[in-house]
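First up is the structure itself, then whatever we jot down about it.
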Amino acid sequence: MLKARQYKSGVKPIWCPGCGHYSVLNAITKAFAALEQAPENAVLVSGIGCSSRLPAYVSSYGFHGVHGRALPLAAGLKVARPELNVMALGGDGDGFSIGGNHFLHACRRNVDIVYVVMDNEVYGMTKGQASPTTPEHWEHSKLTPHGPEVRPFQPCAIALAAGASFIARGHSGDPNGLAQILFEAVQHPGFAFVQVLSQCVTFCPEQAAWKERVHQEDHCTRDPVAAARFLHGDDGFGKGIFYRNPRPVWPLVHAAAAAADLREGFRL
Amino acid sequence: MLKARQYKSGVKPIWCPGCGHYSVLNAITKAFAALEQAPENAVLVSGIGCSSRLPAYVSSYGFHGVHGRALPLAAGLKVARPELNVMALGGDGDGFSIGGNHFLHACRRNVDIVYVVMDNEVYGMTKGQASPTTPEHWEHSKLTPHGPEVRPFQPCAIALAAGASFIARGHSGDPNGLAQILFEAVQHPGFAFVQVLSQCVTFCPEQAAWKERVHQEDHCTRDPVAAARFLHGDDGFGKGIFYRNPRPVWPLVHAAAAAADLREGFRL
Amino acid sequence: MKNVTIALTGSGGTGVVALGEMVLQVAARLGLYGILRKTFGPQIRGGESAAIVRLGPRPLASFGETIDLLLVLDWTNFQRFADEIPLTDTTLIIEDTAAGTAPAALQSATRLDFSGLARQQGSAHSNIAALGYLGSWLGCDGGQIERALEQRLQHHGADTLALIRRVAQAGSHLHTVSPLALAAPAAVTGGERGKEREQERGERWLATGNQLAGLGALEAGIRFVAAYPITPASDALEWMAGRIEQQGGHLVQAEDELAAINMAIGAGFGGVPAMTATSGPGLALMAEAMGLAVASETPLVILNVMRGGPSTGIPTKSEQSDFNLAVYGLHGDAPHVVMAALTIADCHHTLGWAVAVASERQTLSIVLSDQFLGQSMQILPPLAEGAFKAEPVSASLPPAEGGDYFRYLNTDNGVSPVALPGQAGGMYTADGLEHSEQALPSAKAQDHQTQLDKRQRKLESLVDSPHWGECCRQQGAELLILCFGSLYPIALEAQQILLGESLPVNVVGIRLLSPPPLAQIRQCMDEVKQVVVIEQNHQGQFARYLRSFGLSFCSYHRPGPRLFTPGELVRQVKEMRHAESQAI
Amino acid sequence: MKNVTIALTGSGGTGVVALGEMVLQVAARLGLYGILRKTFGPQIRGGESAAIVRLGPRPLASFGETIDLLLVLDWTNFQRFADEIPLTDTTLIIEDTAAGTAPAALQSATRLDFSGLARQQGSAHSNIAALGYLGSWLGCDGGQIERALEQRLQHHGADTLALIRRVAQAGSHLHTVSPLALAAPAAVTGGERGKEREQERGERWLATGNQLAGLGALEAGIRFVAAYPITPASDALEWMAGRIEQQGGHLVQAEDELAAINMAIGAGFGGVPAMTATSGPGLALMAEAMGLAVASETPLVILNVMRGGPSTGIPTKSEQSDFNLAVYGLHGDAPHVVMAALTIADCHHTLGWAVAVASERQTLSIVLSDQFLGQSMQILPPLAEGAFKAEPVSASLPPAEGGDYFRYLNTDNGVSPVALPGQAGGMYTADGLEHSEQALPSAKAQDHQTQLDKRQRKLESLVDSPHWGECCRQQGAELLILCFGSLYPIALEAQQILLGESLPVNVVGIRLLSPPPLAQIRQCMDEVKQVVVIEQNHQGQFARYLRSFGLSFCSYHRPGPRLFTPGELVRQVKEMRHAESQAI
Ligand SMILES: Cc1ncc(C[n+]2csc(CCOP(=O)(O)OP(=O)(O)O)c2C)c(N)n1
Ligand SMILES: Cc1ncc(C[n+]2csc(CCOP(=O)(O)OP(=O)(O)O)c2C)c(N)n1
Ligand code: SF4
Ligand code: SF4
Ligand SMILES: [Mg+2]
Ligand SMILES: [Mg+2]
């Protein structure tokens with residue numbers, strides 16, 4: 001049995017001191033310890049962003065892919081190698097902007113992977129542009145001087161509408177709570193989505209105030225209508241597991257057809 | 001004042017006899033007649049698919065772009081030329097599979113365009129593969145011999161979660177009802193999404209039964225929670241305008257800053 | 001006449017495409033070879049369609065110059081096929097009585113009452129009557145046609161089958177009263193007919209290039225496919241879908257091409273041989289992730305079945321214009337493998353090779369095929385089981401636990417030891433960021449240079465493979481036709497024609513496009529006085545590529561949608577020789 | 001010594017990058033020219049960083065070979081810069097007292113107490129003390145430093161400013177007691193100092209290539225931008241965002257690059273000059289839609305600021321390895337324009353030209369820049385207002401209402417009349433499907449050929465433009481250095497060095513990469529005995545391209561992240577000459 005810190009690879013993170021992503025790293029290693037995860041059977045798959053650098057910091061296999069494509073890469077791996085514990089992770093830009101389509105379809109497809117989005121409402125890596133979750137009037141990026149002026153993306157509500165079977169939210173200020181959520185997410189059969197409010201101290205210092213707003217929500221339901229009602233009213237700061245409604249995991253197993261002769265059909 | 005048929009370009013559609021898309025064409029020309037639309041001020045923008053061939057059949061400007069990208073092309077055009085009436089349109093594959101990300105972000109961004117998706121739950125153009133809206137156990141495509149086995153995409157519920165400000169559903173069996181919806185959609189300020197159940201007689205002859213299941217829904221609300229409740233319970237065959245909640249159209253207009261000297265900032 | 005080319009045209013409802021396929025099936029039972037091409041008007045269904053069938057005593061991998069027999073079940077929109085059905089003064093034209101009005105220039109058609117014969121039996125299938133007619137002409141006895149019909153219609157009820165059989169018999173009978181004024185292909189007219197022959201003839205296959213590509217991939221070990229439908233690649237995927245499952249693998253219909261290629265990369269990273277298939281627009285969308293496969297050194301195969309470009313272009317027609325994209329279309333310095341299948345049968349071979357190469361060199365292999373190879377249906381002798389297998393993973397295990405494992409170790413042959421998830425002691429993070437040998441992100445000049453050199457180096461020895469291409473030499477040849485992909489069989493046929501005119505030429509088809517087998521190409525070029533590089537695109541993309549290595553030659557290129565014909569190449573060669581002799 | 005190169009290094013908190021920028025600002029006020037490059041370790045914030053500043057009496061568009069002065073505020077992770085801060089025996093090294101421990105080899109540093117001086121004033125800004133010190137060395141009076149500080153810190157309160165001013169003064173004073181053992185750049189040491197000079201010196205600009213690209217684009221008429229952030233292109237977009245709005249245009253931050261390019265195509269179709277900006281991975285994602293711009297003949301400009309590849313590669317460093325993708329990376333035959341900006345200032349010119357060409361020829365213009373040009377900051381004389389304007393739309397109106405309007409008319413010059421939405425009588429549907437002149441979908445061979453020919457033809461005359469490239473010839477030159485993009489200023493500096501050694505060479509920088517200005521290139525090549533093509537990538541992509549047109553020359557290429565230096569080129573040229581003379 002390994003301790004949480006033994007799941008750290010020893011590579012020094014490039015993150016700014018105080019970055020929320022450190023807590024997510026800690027929560028993952030804690031969850032792995034609790035799960036007694038064999039390190040070589042875990043794979044962390046990410047896109048590009050500060051958050052997406054995480055896999056190299058964990059003692060497991062990893063794939064640091066291209067921007068926005070962690071989910072399909074992870075799904076392909078899991079379908080091909082179902083015995084592995086595959087976790088996709090990345091940032092709000094990676095997952096909800098360039099990766100939005102894969103997010104929708106991963107929720108529907110229900111491959112048995114966990115997806116952790118470290119949501120800091122900003123593009124940290126590229127120096128502070130607005131992301132889909134950035135507040136409408138956040139004026140700190142020169143690229144959108146009046147603020148994005150676009151309704152923020154609602155990750156959990158969209159995950160629900162798209163068909164995710166496990167939806168939760170954690171906060172980088174509470175790595176233990178997050179570890180507990182991840183522990184459950186890994187064990188959930190099917191696609192488990194975990195949004196983590198993970199602050200960017202460098203480009204959004206105002207997010208320090210999140211810790212006052214975050215509160216526990218004990219709303220977990222398996223009724224989509226109830227979940228929809230809750231999520232459409234949600235202030236975005238509730239943490240907890242909101243929805244959990246297991247359904248068949250993709251790909252479904254079919255009675256094996258006799259391994260046919262591939263060449264049969266060509267013969268006349 | 002032009003009559004509906006005067007909005008037809010005279011180009012003969014490539015569609016199969018009986019294809020639902022003919023009705024959508026008729027509904028658009030009817031709506032244009034009712035709107036007294038100047039043909040040269042309307043632009044229909046589409047992707048690729050049987051449905052996406054529609055622009056050439058209407059007497060207006062058109063852009064038959066690439067697969068899945070009608071929405072950004074239409075949004076770029078509208079932002080650049082706000083005086084035009086821009087309508088994006090296409091199929092369920094075009095809009096919800098390859099184009100899913102743009103759908104999400106168009107709903108959020110709320111540019112003042114109409115988006116009509118001719119949903120036949122199949123890829124007609126490429127000869128009958130499953131689309132995101134195909135029923136889970138539809139086994140008629142060799143590409144997915146057991147059926148897609150994936151939860152169908154819920155266009156209206158997703159549009160709502162993503163922030164669309166106008167959401168409606170029509171049916172190709174009722175071109176007049178659809179024309180009425182389109183008439184309202186064009187006049188709605190902001191992004192208006194119209195799902196049209198438009199049957200593919202060639203690859204999904206079973207859709208002939210839709211006409212028995214389609215029913216009018218008079219649920220129009222401006223309350224997202226109420227809409228969510230309705231849409232998450234919806235059987236997919238209600239038609240009508242479900243949600244209408246105008247909010248500021250993007251791009252917002254800002255008090256014009258004095259046209260600055262572009263070169264000023266370089267001077268020492 | 002040894003080969004015969006028949007064009008069958010009608011509207012969507014008349015079943016000419018089915019007719020074409022059945023003619024091929026019947027012909028195969030007679031020991032004939034043949035090839036079939038389908039073509040459709042723009043309408044999705046119910047529009048005009050045509051099937052072009054060429055039959056002869058030896059394997060046929062290309063179409064001839066002109067049409068010997070045109071059989072029309074419906075004249076509507078016949079002109080749309082003007083480019084593809086080149087009629088000559090000697091073309092025999094037969095029209096069904098219900099075919100409507102022929103274009104003015106074609107009023108001389110012989111009228112036969114296929115639809116009437118069918119109607120008499122209570123059927124609308126004039127195409128089956130035509131099948132009976134053509135079957136008789138080819139030399140079938142009634143039983144042979146029947147068995148072909150049975151195989152094809154096995155899922156239909158006995159009543160339907162009986163009806164169809166009667167219509168076919170009526171058609172056969174029509175041939176005895178109005179025989180076809182055209183010699184049937186040689187194997188039949190020249191040989192014995194009847195049942196005995198059918199048993200002796202040896203096994204025959206009927207297959208398209210897309211199907212054989214699928215077969216080659218599965219036999220070489222592909223066990224994961226993710227793809228997004230696109231013409232003309234979809235039918236390769238459709239062929240594979242049910243079958244890969246029976247082999248314990250999976251095919252995922254992805255939400256788009258970006259997902260498809262990244263899924264395949266994920267599976268490949270997991271050690272499961274993986275591929276995707278697409279066509280131009282999809283390949284373009286995959287360009288970014290191709291670079292990821294290259295940089296992370298993940299095995300990946302892409303089958304790209306080319307169609308007319310640019311943009312959506314002409315989706316249902318053949319062209320070789322994705323060459324540039326396949327060879328050069330990645331950002332950064334991203335060496336990878338590009339191959340081209342040379343014939344319908346070669347789709348099997350080339351896919352197998354591509355799978356083996358991708359896995360043994362941990363790289364991206366793109367295979368170019370095209371709509372002609374992919375969708376034409378050919379009668380061919382059975383193919384030997386593919387010789388290629390994806391490298392078994394254990395061959396490149398990293399050092400035992402405890403040893404220092406460098407995923408991106410700078411080895412002599414450029415191939416680094418790869419560990420697979422699940423394997424203790426091999427944990428690493430694959431990366432598209434530049435990295436050190438230890439797989440840690442690095443912006444150091446030395447690491448960049450090392451990895452760039454290594455990724456280039458590991459491909460270099462590939463050019464020594466005997467599979468680099470196919471040469472077909474003729475004694476005394478002074479001219480070489482150099483090509484890739486589907487022009488190869490066409491060039492071979494041109495070679496035969498030229499030989500008949502005492503103009504021997506050599507033909508070389510390049511299978512390995514990148515890295516280029518320059519030594520072999522140079523040697524082939526040195527054997528002759530003149531070289532012409534042929535390709536089916538507008539810019540002469542392949543010629544430009546070869547020139548970039550300092551080769552010089554004449555280039556003949558033109559875009560689709562018209563297929564190249566042997567006669568066109570013959571003319572081209574003669575003109576070149578003429579130009580040269582004038583120059584002297 | 002006329003030019004001086006200073007490296008300023010520290011950890012993220014020490015403000016060396018700000019120091020570098022302020023040194024540049026101060027130097028400009030003294031009539032000096034200069035250039036600044038910033039470089040960072042992998043950490044996002046608080047990690048090590050460096051600014052390299054080169055100053056001299058004449059415009060400087062490149063960096064020298066080595067560092068004359070290294071000023072270290074913090075030694076932590078100094079080794080990370082080993083590639084970029086090449087020290088020699090003659091490099092003067094100064095360290096702050098608080099800099100920590102120098103690497104063993106660099107223990108000889110002179111220690112100055114910048115941090116102590118700041119602390120005495122109650123400030124942590126050792127970088128400001130260093131600014132005062134360096135300012136004095138350059139010859140500033142206190143007032144000049146103050147005015148520079150005021151301009152930079154205009155949004156800060158009076159108290160802060162007063163404090164900063166005192167720290168700077170303390171630093172200045174330090175120079176009088178411990179003067180720098182290095183001659184300041186010539187303009188100052190050799191000339192008059194003081195206030196009068198500052199007024200006489202003429203106007204100076206301080207700008208990066210990315211900013212000037214934005215300026216060039218806006219001045220030429222770009223009124224719509226859609227883009228997705230990516231290093232190192234984002235700051236071009238950030239510069240444009242607020243400004244385009246003031247010109248009545250819009251910048252949209254898109255959800256991804258696929259959206260970005262399609263939005264720009266939509267705007268371009270609407271007649272509003274439109275562009276996007278990106279770097280390698282984003283350009284790869286745009287490949288499919290680039291083909292749409294080409295096929296639909298919609299004007300579109302893409303600025304691609306290159307970084308290290310392949311895949312995510314080395315995002316913050318310069319390389320010229322997206323050449324292949326830009327030139328060849330489209331599916332189908334898709335001729336388009338590719339240009340390269342030659343210097344920081346030339347980003348302005350080239351973007352303007354690209355905008356004009358895209359609009360007048362209804363095509364895609366890709367402009368290649370790179371991280372070096374894009375993000376280096378230069379002191380330069382004010383640029384003349386751009387000469388280019390996007391073609392006014394009315395110039396190509398279709399025939400008046402009632403006449404037959406053929407959107408894709410086959411004209412002599414290949415440019416078809418375009419109507420814009422809103423214009424009666426011009427309605428058509430733009431299409432990426434192949435089409436007839438009337439803009440209706442067509443799979444006909446003739447239509448395909450016509451449109452392919454037309455799209456190719458309309459670009460051909462572009463090669464006659466005087467903007468094709470820049471030549472800098474020397475009397476008696478026997479060797480030509482041929483390059484594109486950011487290697488041009490480096491080659492020019494090498495040329496000066498070689499001239500000093502009586503080895504005159506010519507230098508040509510190609511601005512128009514595709515279609516290639518072959519006649520001009522051939523002419524330049526014919527003037528000399530030897531030609532070397534230089535480029536910063538691993539495969540020699542540009543050389544391969546030129547060779548594909550039958551040109552022959554020597555190729556010198558290597559990847560990033562190290563910048564090319566003039567000295568490196570000088571050595572290269574000498575080796576080539578040596579090799580040649582030995583060969584004789
Ligand atoms: C195709 C592509 N486009 C753009 C980029 C540039 N890019 C790198 S990371 C990033 C956004 C990162 O934001 P997020 O995912 O929220 O992660 P964070 O840094 O905030 O943790 C962007 C736009 C890229 N690498 N690739
Ligand atoms: C990038 C790309 N991928 C795939 C295709 C092939 N393709 C053309 S249309 C289509 C799907 C059409 O389905 P839908 O949008 O539902 O329209 P329908 O034909 O059903 O009306 C596909 C997959 C393409 N043209 N481009
Ligand atoms: S920039 Fe923001 S997200 Fe990135 S490492 Fe720093 S604090 Fe974290
Ligand atoms: S295939 Fe289906 S969607 Fe396409 S035209 Fe025919 S009926 Fe309509
Ligand atoms: Mg973020
Ligand atoms: Mg559809």
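Here's how to read the names in the structure tokens: chain A, B, ... by the order shown, residue numbers from 1 in each chain, ligand numbers from 1 in the order shown.
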Exercise for the section: Could you please extract the residues within 9 Å of ligand 6, counting only C-alpha atoms and all ligand atoms, and hand them back as a list in words? Expected result: Gly49, Cys50, Ser51, Gly90, Gly91, Asp92, Gly93, Asp94, Val117, Met118, Asp119, Asn120, Glu121, Val122, Tyr123, Gly124, Met125, Gly128, Ala130, Ser131, Thr133, Ser198, Gln199 and Cys200 of chain B
File dump, residues just selected, N, CA and C atoms, as a short mmCIF file (atom, residue, chain, number, x, y, z; two decimals), in the first residue's frame:
data_model
loop_
_atom_site.label_atom_id
_atom_site.label_comp_id
_atom_site.auth_asym_id
_atom_site.auth_seq_id
_atom_site.Cartn_x
_atom_site.Cartn_y
_atom_site.Cartn_z
N GLY B 49 -24.12 18.21 -46.00
CA GLY B 49 -25.15 17.21 -45.74
C GLY B 49 -26.26 17.44 -46.74
N CYS B 50 -27.22 16.53 -46.80
CA CYS B 50 -28.36 16.76 -47.69
C CYS B 50 -29.02 18.09 -47.34
N SER B 51 -29.30 18.25 -46.05
CA SER B 51 -29.93 19.47 -45.55
C SER B 51 -29.13 20.71 -45.90
N GLY B 90 -28.57 23.37 -41.33
CA GLY B 90 -27.86 22.14 -41.65
C GLY B 90 -28.53 20.95 -41.01
N GLY B 91 -27.78 19.87 -40.92
CA GLY B 91 -28.34 18.63 -40.41
C GLY B 91 -27.92 18.35 -38.98
N ASP B 92 -28.43 17.25 -38.46
CA ASP B 92 -28.10 16.85 -37.09
C ASP B 92 -26.65 16.38 -36.99
N GLY B 93 -26.12 15.78 -38.05
CA GLY B 93 -24.72 15.40 -38.03
C GLY B 93 -23.84 16.64 -38.07
N ASP B 94 -24.17 17.50 -38.98
CA ASP B 94 -23.43 18.74 -39.16
C ASP B 94 -23.43 19.59 -37.88
N VAL B 117 -31.85 23.37 -37.54
CA VAL B 117 -31.26 22.04 -37.74
C VAL B 117 -32.34 21.09 -38.22
N MET B 118 -32.12 20.55 -39.41
CA MET B 118 -33.04 19.58 -39.98
C MET B 118 -32.63 18.21 -39.46
N ASP B 119 -33.31 17.80 -38.41
CA ASP B 119 -32.89 16.62 -37.66
C ASP B 119 -33.62 15.39 -38.18
N ASN B 120 -32.90 14.56 -38.88
CA ASN B 120 -33.49 13.31 -39.35
C ASN B 120 -32.85 12.11 -38.66
N GLU B 121 -32.10 12.39 -37.62
CA GLU B 121 -31.51 11.32 -36.80
C GLU B 121 -30.63 10.39 -37.62
N VAL B 122 -30.01 10.94 -38.62
CA VAL B 122 -29.16 10.10 -39.48
C VAL B 122 -28.26 10.99 -40.33
N TYR B 123 -27.17 10.42 -40.81
CA TYR B 123 -26.36 11.08 -41.83
C TYR B 123 -26.92 10.66 -43.19
N GLY B 124 -27.75 11.53 -43.77
CA GLY B 124 -28.33 11.17 -45.06
C GLY B 124 -27.27 11.15 -46.15
N MET B 125 -26.56 12.24 -46.26
CA MET B 125 -25.63 12.44 -47.38
C MET B 125 -24.61 11.31 -47.52
N GLY B 128 -26.49 7.01 -44.56
CA GLY B 128 -27.18 6.32 -43.49
C GLY B 128 -26.43 5.86 -42.27
N ALA B 130 -25.35 6.46 -38.22
CA ALA B 130 -26.01 7.03 -37.05
C ALA B 130 -25.49 8.44 -36.78
N SER B 131 -26.37 9.29 -36.34
CA SER B 131 -25.97 10.64 -35.93
C SER B 131 -26.13 10.73 -34.42
N THR B 133 -28.36 12.09 -32.75
CA THR B 133 -29.75 11.98 -32.32
C THR B 133 -30.38 10.62 -32.66
N SER B 198 -37.20 16.33 -39.42
CA SER B 198 -37.33 16.36 -40.88
C SER B 198 -36.93 15.00 -41.40
N GLN B 199 -37.89 14.23 -41.79
CA GLN B 199 -37.58 12.82 -41.99
C GLN B 199 -36.76 12.50 -43.22
N CYS B 200 -35.94 11.47 -43.05
CA CYS B 200 -35.14 10.92 -44.15
C CYS B 200 -35.87 9.68 -44.65
#
task: Quick one: pick out all helix (DSSP H, G or I) residues within region 419-523 of chain C from a backbone DSSP run and write them as a ChimeraX atom specification.
output: /C:445-464,466-468,487-500,518-523
Any chance you could tabulate, as a tab-separated table, the residues of chain D at most 8 Å from chain B with each one's nearest atom pair and distance in Å to one decimal, using only C-alpha atoms, in chain and rising number order?
residue	atom	partner	partner_atom	distance
D:Gln25	CA	B:Leu268	CA	7.3
D:Ala28	CA	B:Leu268	CA	7.7
D:Arg29	CA	B:Leu268	CA	7.6
D:Glu203	CA	B:Arg267	CA	7.2
D:Arg204	CA	B:Leu268	CA	6.1
D:Trp205	CA	B:Arg267	CA	4.7
D:Leu206	CA	B:Phe266	CA	5.2
D:Ala207	CA	B:Phe266	CA	5.9
D:Leu215	CA	B:Leu262	CA	7.0
D:Arg223	CA	B:Ala80	CA	7.9
D:Phe224	CA	B:Ala80	CA	6.6
D:Ala226	CA	B:Gly76	CA	7.9
D:Arg243	CA	B:Leu262	CA	7.0
D:Gln246	CA	B:Ala259	CA	4.8
D:Gln247	CA	B:Ala259	CA	6.1
D:Gly249	CA	B:Ala80	CA	7.5
D:His250	CA	B:Ala80	CA	7.3
D:Glu255	CA	B:His105	CA	6.8
D:Leu258	CA	B:Arg69	CA	7.6
D:Ala259	CA	B:Pro72	CA	5.2
D:Ala260	CA	B:Pro72	CA	7.3
D:Asn262	CA	B:Leu73	CA	4.7
D:Met263	CA	B:Gly76	CA	3.9
D:Ala264	CA	B:Gly76	CA	5.9
D:Ile265	CA	B:Leu73	CA	6.3
D:Gly266	CA	B:Leu77	CA	4.3
D:Ala267	CA	B:Leu77	CA	4.3
D:Gly268	CA	B:Leu77	CA	7.6
D:Phe269	CA	B:Leu77	CA	7.2
D:Gly270	CA	B:Leu77	CA	5.8
D:Val272	CA	B:Ala80	CA	6.4
D:Ala289	CA	B:Val66	CA	7.1
D:Leu292	CA	B:Gly65	CA	6.8
D:Pro382	CA	B:Arg267	CA	7.9
D:Pro421	CA	B:Tyr61	CA	6.0
D:Gly422	CA	B:Asn41	CA	4.5
D:Gln423	CA	B:Glu40	CA	5.8
D:Ala424	CA	B:Glu40	CA	5.3
D:Gly425	CA	B:Glu40	CA	7.7
D:Gly426	CA	B:Glu40	CA	7.8
D:Met427	CA	B:Tyr61	CA	4.9
D:Tyr428	CA	B:Tyr61	CA	5.2
D:Thr429	CA	B:Gly62	CA	4.0
D:Ala430	CA	B:Phe63	CA	4.6
D:Asp431	CA	B:His64	CA	4.9
D:Gly432	CA	B:Gly65	CA	5.9
D:Leu433	CA	B:His64	CA	7.9
D:Leu440	CA	B:Ala56	CA	7.6
Please build the interface table for chain D against ligand 3 with a cut-off of 12 Å, listing for each qualifying residue the nearest atom pair and the distance in Å to one decimal; count only C-alpha atoms and all ligand atoms, order rows by chain and increasing number, and write it as CSV.
residue,atom,partner,partner_atom_place_in_ligand_line,distance
D:Pro42,CA,ligand 3,5 (S),10.3
D:Gln43,CA,ligand 3,5 (S),7.5
D:Ile44,CA,ligand 3,6 (Fe),5.4
D:Arg45,CA,ligand 3,6 (Fe),6.0
D:Gly46,CA,ligand 3,6 (Fe),9.0
D:Gly47,CA,ligand 3,6 (Fe),10.6
Generate the output file for the selected residues, all heavy atoms, as a PDB file, in the first residue's frame.
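What follows is the written file part15.pdb:
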ATOM      1  N   PRO D  42      10.456  27.549 -17.594  1.00  0.00           N
ATOM      2  CA  PRO D  42       9.150  26.916 -17.799  1.00  0.00           C
ATOM      3  C   PRO D  42       8.083  27.386 -16.818  1.00  0.00           C
ATOM      4  O   PRO D  42       6.899  27.295 -17.120  1.00  0.00           O
ATOM      5  CB  PRO D  42       9.440  25.423 -17.619  1.00  0.00           C
ATOM      6  CG  PRO D  42      10.725  25.345 -16.856  1.00  0.00           C
ATOM      7  CD  PRO D  42      11.493  26.574 -17.204  1.00  0.00           C
ATOM      8  N   GLN D  43       8.492  27.889 -15.661  1.00  0.00           N
ATOM      9  CA  GLN D  43       7.472  28.273 -14.700  1.00  0.00           C
ATOM     10  C   GLN D  43       6.634  29.425 -15.216  1.00  0.00           C
ATOM     11  O   GLN D  43       7.119  30.313 -15.922  1.00  0.00           O
ATOM     12  CB  GLN D  43       8.118  28.684 -13.389  1.00  0.00           C
ATOM     13  CG  GLN D  43       7.958  27.612 -12.333  1.00  0.00           C
ATOM     14  CD  GLN D  43       8.871  27.893 -11.171  1.00  0.00           C
ATOM     15  OE1 GLN D  43      10.075  27.630 -11.286  1.00  0.00           O
ATOM     16  NE2 GLN D  43       8.328  28.433 -10.111  1.00  0.00           N
ATOM     17  N   ILE D  44       5.363  29.423 -14.827  1.00  0.00           N
ATOM     18  CA  ILE D  44       4.473  30.440 -15.339  1.00  0.00           C
ATOM     19  C   ILE D  44       4.763  31.785 -14.694  1.00  0.00           C
ATOM     20  O   ILE D  44       4.779  32.820 -15.346  1.00  0.00           O
ATOM     21  CB  ILE D  44       2.994  30.065 -15.077  1.00  0.00           C
ATOM     22  CG1 ILE D  44       2.706  28.662 -15.565  1.00  0.00           C
ATOM     23  CG2 ILE D  44       2.056  31.071 -15.714  1.00  0.00           C
ATOM     24  CD1 ILE D  44       2.854  28.457 -17.019  1.00  0.00           C
ATOM     25  N   ARG D  45       4.977  31.767 -13.396  1.00  0.00           N
ATOM     26  CA  ARG D  45       5.298  33.025 -12.720  1.00  0.00           C
ATOM     27  C   ARG D  45       6.284  32.739 -11.622  1.00  0.00           C
ATOM     28  O   ARG D  45       6.292  31.670 -11.035  1.00  0.00           O
ATOM     29  CB  ARG D  45       4.041  33.645 -12.113  1.00  0.00           C
ATOM     30  CG  ARG D  45       4.188  35.133 -11.854  1.00  0.00           C
ATOM     31  CD  ARG D  45       3.177  35.615 -10.857  1.00  0.00           C
ATOM     32  NE  ARG D  45       3.253  34.848  -9.609  1.00  0.00           N
ATOM     33  CZ  ARG D  45       2.344  34.915  -8.646  1.00  0.00           C
ATOM     34  NH1 ARG D  45       1.277  35.658  -8.789  1.00  0.00           N
ATOM     35  NH2 ARG D  45       2.496  34.208  -7.534  1.00  0.00           N
ATOM     36  N   GLY D  46       7.137  33.718 -11.326  1.00  0.00           N
ATOM     37  CA  GLY D  46       8.050  33.569 -10.222  1.00  0.00           C
ATOM     38  C   GLY D  46       9.270  32.740 -10.594  1.00  0.00           C
ATOM     39  O   GLY D  46      10.171  32.570  -9.799  1.00  0.00           O
ATOM     40  N   GLY D  47       9.309  32.232 -11.798  1.00  0.00           N
ATOM     41  CA  GLY D  47      10.471  31.473 -12.241  1.00  0.00           C
ATOM     42  C   GLY D  47      11.540  32.427 -12.750  1.00  0.00           C
ATOM     43  O   GLY D  47      11.403  33.652 -12.686  1.00  0.00           O
TER      44      GLY D  47
END
For this session: Return the neighbours of chain A among the residues of chain B, cut-off 8 Å, counting only C-alpha atoms, as a ChimeraX atom specification.
Result: /B:97-101,104,108-110,149-154,157-158,161-163,224-226,228-229,232-233,250-252
Chain D proximity check over C:Asp96, C:Asp113, C:Asp404, C:Glu434, using only C-alpha atoms: winner is C:Glu434
Using only C-alpha atoms and a cut-off of 7 Å, which residues of chain D sit close to chain C? Please list them as a PyMOL selection string.
chain D and resi 83+280-281+284-285+287-288+291-292+295+308-314+321-322+324-325+328-334+432-434+443+445+537-539+544-545+547-548+550+560-562
